[in-house]
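Asker: Handing you this structure, nothing more for now.
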Amino acid sequence: MTDSDDVWTAIRALTTEVAQLRAEADGTPRERAMSLMQHARLAFDGQAKADAWLLTPQDDLAGKSPLDAAMESAGGKSRALRLLASRTGLTAGLERDLEALLERRRAVVETGKDDSETAELRWEQRKDELLREVVTLPGHLIPAAWLRDGTVFGVTAEDGDTRVPAFQLVRGKPHPLIRQLLQILRPRRSDWEIFSWCGRPDTWTCQGRRPMDMLDADPDAVLEAARRQVEENWG
């Protein structure tokens with residue numbers, strides 16, 4: 001099996017997993033699930049370990065995964081949090097700190113303030129949203145040469161792991177447009193900012209669609225949108 005085959009297999013598995021979570025994570029169940037995910041990623045050493053625990057059936061939860069238990073009921077979330085504390089040593093103090101941080105971020109969105117502190121919180125929230133909404137692959141699954149030579153880009157998550165947005169890959173290989181995009185955007189902005197731009201609807205030349213969704217449908221429009229972004233917003 002080649003490196004490209006391994007990457008493509010991982011993409012398909014993660015895409016299926018994310019689609020299932022999105023379908024189930026609406027309203028209050030979604031809020032419970034997202035809160036549990038935040039706790040798990042704080043408690044475990046690395047996002048991959050946290051995600052594995054969230055999706056693994058547990059005897060203490062009647063054979064359900066912690067994520068399923070949290071989405072099922074508030075009681076299920078409480079049982080999952082107690083199990084998390086017993087497995088990782090997560091303290092009540094850390095749990096309160098995390099809830100305070102989440103509440104602070106919610107307040108930032110609601111008040112719409114624009115000072116440096118709230119702007120930074122908005123940016124951190126945007127990063128969290130991108131990692132939840134866009135399928136990404138662990139950096140170790142991607143050939144290092146691809147990242148090194150600008151064939152694809154990756155971002156550093158809060159836990160220090162490199163995550164590579166999977167929309168850059170087609171059948172396990174780099175999409176040819178990504179190198180051109182990075183040549184336009186990278187001199188002016190970080191890879192996190194490029195990731196954010198790719199994931200936002202563009203009203204200039206992409207007809208309100210996200211650039212990441214237009215790589216095949218209209219590559220010229222994506223490149224033109226990138227040039228205009230640099231000239232008019234980042235110039």
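If you're wondering about the labels, chains in the structure tokens are A, B, ... by order shown, residues count from 1 in each chain, ligands from 1 in order shown.
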For segment 207-209 of chain A, list every protein, DNA or RNA residue within 12 Å, evaluated using only C-alpha atoms, and leave out those in the same chain fewer than 5 positions away; present the list as a PDB file with N, CA and C atoms, in the first residue's frame.
Answerer:
ATOM      1  N   TRP A 197      -9.607  31.569   5.279  1.00  0.00           N
ATOM      2  CA  TRP A 197     -10.090  32.118   4.006  1.00  0.00           C
ATOM      3  C   TRP A 197     -10.704  31.027   3.135  1.00  0.00           C
ATOM      4  N   CYS A 198     -10.063  29.878   3.067  1.00  0.00           N
ATOM      5  CA  CYS A 198     -10.592  28.772   2.250  1.00  0.00           C
ATOM      6  C   CYS A 198     -11.953  28.294   2.751  1.00  0.00           C
ATOM      7  N   GLY A 199     -12.205  28.462   4.051  1.00  0.00           N
ATOM      8  CA  GLY A 199     -13.446  27.953   4.629  1.00  0.00           C
ATOM      9  C   GLY A 199     -14.564  28.959   4.745  1.00  0.00           C
ATOM     10  N   ARG A 200     -14.354  30.184   4.247  1.00  0.00           N
ATOM     11  CA  ARG A 200     -15.395  31.214   4.303  1.00  0.00           C
ATOM     12  C   ARG A 200     -16.011  31.438   2.917  1.00  0.00           C
ATOM     13  N   PRO A 201     -17.329  31.649   2.853  1.00  0.00           N
ATOM     14  CA  PRO A 201     -17.943  31.969   1.559  1.00  0.00           C
ATOM     15  C   PRO A 201     -17.337  33.235   0.965  1.00  0.00           C
ATOM     16  N   ASP A 202     -17.041  33.209  -0.326  1.00  0.00           N
ATOM     17  CA  ASP A 202     -16.451  34.343  -1.015  1.00  0.00           C
ATOM     18  C   ASP A 202     -17.489  34.925  -1.979  1.00  0.00           C
ATOM     19  N   MET A 214     -14.656  24.955  -4.408  1.00  0.00           N
ATOM     20  CA  MET A 214     -14.655  25.340  -5.822  1.00  0.00           C
ATOM     21  C   MET A 214     -13.378  24.936  -6.556  1.00  0.00           C
ATOM     22  N   LEU A 215     -12.524  24.166  -5.902  1.00  0.00           N
ATOM     23  CA  LEU A 215     -11.224  23.843  -6.498  1.00  0.00           C
ATOM     24  C   LEU A 215     -11.375  23.151  -7.855  1.00  0.00           C
ATOM     25  N   ALA A 217     -14.644  22.834  -9.483  1.00  0.00           N
ATOM     26  CA  ALA A 217     -15.740  23.431 -10.257  1.00  0.00           C
ATOM     27  C   ALA A 217     -15.290  24.664 -11.030  1.00  0.00           C
ATOM     28  N   ASP A 218     -14.450  25.514 -10.418  1.00  0.00           N
ATOM     29  CA  ASP A 218     -14.033  26.746 -11.094  1.00  0.00           C
ATOM     30  C   ASP A 218     -12.687  27.200 -10.528  1.00  0.00           C
ATOM     31  N   ALA A 221     -11.754  30.919 -10.857  1.00  0.00           N
ATOM     32  CA  ALA A 221     -12.442  31.818  -9.929  1.00  0.00           C
ATOM     33  C   ALA A 221     -11.764  31.806  -8.565  1.00  0.00           C
ATOM     34  N   VAL A 222     -11.310  30.651  -8.128  1.00  0.00           N
ATOM     35  CA  VAL A 222     -10.631  30.553  -6.829  1.00  0.00           C
ATOM     36  C   VAL A 222      -9.326  31.348  -6.853  1.00  0.00           C
ATOM     37  N   ALA A 225     -10.142  35.002  -6.812  1.00  0.00           N
ATOM     38  CA  ALA A 225     -10.583  35.412  -5.473  1.00  0.00           C
ATOM     39  C   ALA A 225      -9.384  35.577  -4.551  1.00  0.00           C
TER      40      ALA A 225
END
Asker: Give me every strand (DSSP E or B) residue in segment 33-220 of chain A, going by DSSP on the backbone, as a list in words.
Answerer: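 Going through segment 33-220 of chain A, the strand (DSSP E or B) residues come out as Thr136, Leu137, Pro138, Val155, Thr156, Thr162, Arg163, Val164, Pro165, Leu169, Val170, Lys173, Pro174, Asp202 and Arg209 of chain A.
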Asker: Go through A:Ala40, A:Leu83, A:Met71, A:Ala144 one by one, measure the shortest atom-to-atom distance of each to Asp59 of chain A using only C-alpha atoms, and give the residue with the smallest value.
Answerer: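 Nearest to Asp59 of chain A: A:Leu83.
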Asker: Please provide as a PyMOL selection string all residues within 8 Å of segment 175-192 of chain A, with the sequence filter that same-chain residues fewer than 3 positions apart are discarded (counting only C-alpha atoms).
Answerer: chain A and resi 127+150-155+168-170+195-196+215+219+223+226-227+230+234-235
Asker: Only N, CA and C atoms, please: the residues just picked out, written as a JSON list (two decimals), in the first residue's frame.
Answerer:
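again08.json, written as the output of this step:
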[["chain", "number", "residue", "atom", "x", "y", "z"],
["A", 127, "LYS", "N", -10.69, 29.19, 14.92],
["A", 127, "LYS", "CA", -9.84, 28.02, 14.75],
["A", 127, "LYS", "C", -10.56, 26.76, 15.21],
["A", 150, "GLY", "N", 5.45, 23.09, -0.04],
["A", 150, "GLY", "CA", 4.29, 23.93, -0.36],
["A", 150, "GLY", "C", 3.29, 23.29, -1.28],
["A", 151, "THR", "N", 3.30, 21.94, -1.34],
["A", 151, "THR", "CA", 2.30, 21.24, -2.13],
["A", 151, "THR", "C", 0.95, 21.25, -1.42],
["A", 152, "VAL", "N", 0.99, 21.15, -0.09],
["A", 152, "VAL", "CA", -0.18, 21.30, 0.77],
["A", 152, "VAL", "C", 0.25, 22.12, 1.98],
["A", 153, "PHE", "N", -0.71, 22.57, 2.78],
["A", 153, "PHE", "CA", -0.36, 23.26, 4.02],
["A", 153, "PHE", "C", -1.02, 22.56, 5.20],
["A", 154, "GLY", "N", -0.44, 22.77, 6.37],
["A", 154, "GLY", "CA", -1.01, 22.24, 7.60],
["A", 154, "GLY", "C", -1.05, 23.32, 8.65],
["A", 155, "VAL", "N", -1.85, 23.11, 9.69],
["A", 155, "VAL", "CA", -1.94, 24.08, 10.79],
["A", 155, "VAL", "C", -1.63, 23.36, 12.10],
["A", 168, "GLN", "N", -7.52, 19.48, 0.41],
["A", 168, "GLN", "CA", -6.37, 19.68, -0.47],
["A", 168, "GLN", "C", -5.97, 18.43, -1.24],
["A", 169, "LEU", "N", -6.59, 17.29, -0.89],
["A", 169, "LEU", "CA", -6.19, 16.02, -1.47],
["A", 169, "LEU", "C", -7.28, 15.45, -2.36],
["A", 170, "VAL", "N", -6.88, 14.89, -3.48],
["A", 170, "VAL", "CA", -7.80, 14.25, -4.41],
["A", 170, "VAL", "C", -7.29, 12.83, -4.64],
["A", 195, "PHE", "N", -6.26, 28.93, 5.86],
["A", 195, "PHE", "CA", -7.29, 27.93, 6.15],
["A", 195, "PHE", "C", -8.64, 28.62, 6.38],
["A", 196, "SER", "N", -8.63, 29.70, 7.15],
["A", 196, "SER", "CA", -9.87, 30.43, 7.42],
["A", 196, "SER", "C", -10.45, 31.00, 6.13],
["A", 215, "LEU", "N", -12.52, 24.17, -5.90],
["A", 215, "LEU", "CA", -11.22, 23.84, -6.50],
["A", 215, "LEU", "C", -11.37, 23.15, -7.86],
["A", 219, "PRO", "N", -11.61, 26.52, -10.89],
["A", 219, "PRO", "CA", -10.29, 26.87, -10.34],
["A", 219, "PRO", "C", -9.87, 28.30, -10.65],
["A", 223, "LEU", "N", -8.55, 31.20, -7.91],
["A", 223, "LEU", "CA", -7.29, 31.93, -8.01],
["A", 223, "LEU", "C", -7.53, 33.44, -8.07],
["A", 226, "ALA", "N", -8.40, 34.68, -4.66],
["A", 226, "ALA", "CA", -7.19, 34.78, -3.83],
["A", 226, "ALA", "C", -6.42, 36.06, -4.15],
["A", 227, "ARG", "N", -6.29, 36.38, -5.43],
["A", 227, "ARG", "CA", -5.57, 37.60, -5.82],
["A", 227, "ARG", "C", -6.28, 38.84, -5.30],
["A", 230, "VAL", "N", -5.77, 39.30, -1.55],
["A", 230, "VAL", "CA", -4.45, 39.86, -1.25],
["A", 230, "VAL", "C", -4.41, 41.36, -1.57],
["A", 234, "TRP", "N", -5.57, 42.33, 2.08],
["A", 234, "TRP", "CA", -4.29, 42.04, 2.74],
["A", 234, "TRP", "C", -3.14, 42.87, 2.18],
["A", 235, "GLY", "N", -3.43, 43.72, 1.23],
["A", 235, "GLY", "CA", -2.37, 44.48, 0.59],
["A", 235, "GLY", "C", -1.74, 45.52, 1.50]]
Asker: Between atom CA of Arg41 of chain A and atom CA of Gly160 of chain A, what is the spacing in Å?
Answerer: 11.8 Å
Asker: How many Å lie between atom CA of Asp213 of chain A and atom CA of Pro143 of chain A, rounded to one decimal?
Answerer: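 Taking atom CA of Asp213 of chain A and atom CA of Pro143 of chain A, their separation equals 23.5 Å.
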Asker: Quick one: distance from atom CA of Ala157 of chain A to atom CA of Pro138 of chain A in Å, one decimal?
Answerer: 10.2 Å
Asker: Identify, on the basis of only C-alpha atoms, every residue whose closest approach to Arg126 of chain A does not exceed 12 Å; exclude the query and any residue fewer than 3 positions from it along the same chain; express the result as a list of chain:residue names.
Answerer: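 These residues fall inside the cut-off: A:Arg105, A:Val109, A:Ala119, A:Glu120, A:Leu121, A:Arg122, A:Trp123, A:Glu129, A:Leu130, A:Leu131, A:Arg132, A:Glu133, A:Val134, A:Trp192, A:Glu193, A:Phe195, A:Ser196, A:Trp197, A:Gly199, A:Arg200.
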Asker: Output C-alpha atoms for every residue in the selection just made, as a short mmCIF file (atom, residue, chain, number, x, y, z; two decimals), in the first residue's frame.
Answerer:
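File out17.cif, as written:
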data_model
loop_
_atom_site.label_atom_id
_atom_site.label_comp_id
_atom_site.auth_asym_id
_atom_site.auth_seq_id
_atom_site.Cartn_x
_atom_site.Cartn_y
_atom_site.Cartn_z
CA ARG A 105 -16.14 33.02 24.31
CA VAL A 109 -19.76 36.65 20.17
CA ALA A 119 -10.58 39.85 18.77
CA GLU A 120 -8.09 37.21 19.92
CA LEU A 121 -10.89 35.17 21.49
CA ARG A 122 -12.86 35.39 18.26
CA TRP A 123 -9.84 34.15 16.34
CA GLU A 129 -14.81 25.94 14.40
CA LEU A 130 -12.55 25.12 11.47
CA LEU A 131 -11.13 22.03 13.16
CA ARG A 132 -14.66 20.83 13.97
CA GLU A 133 -16.28 21.64 10.62
CA VAL A 134 -13.55 20.78 8.09
CA TRP A 192 -4.16 29.43 9.76
CA GLU A 193 -5.40 32.58 8.01
CA PHE A 195 -7.29 27.93 6.15
CA SER A 196 -9.87 30.43 7.42
CA TRP A 197 -10.09 32.12 4.01
CA GLY A 199 -13.45 27.95 4.63
CA ARG A 200 -15.39 31.21 4.30
#
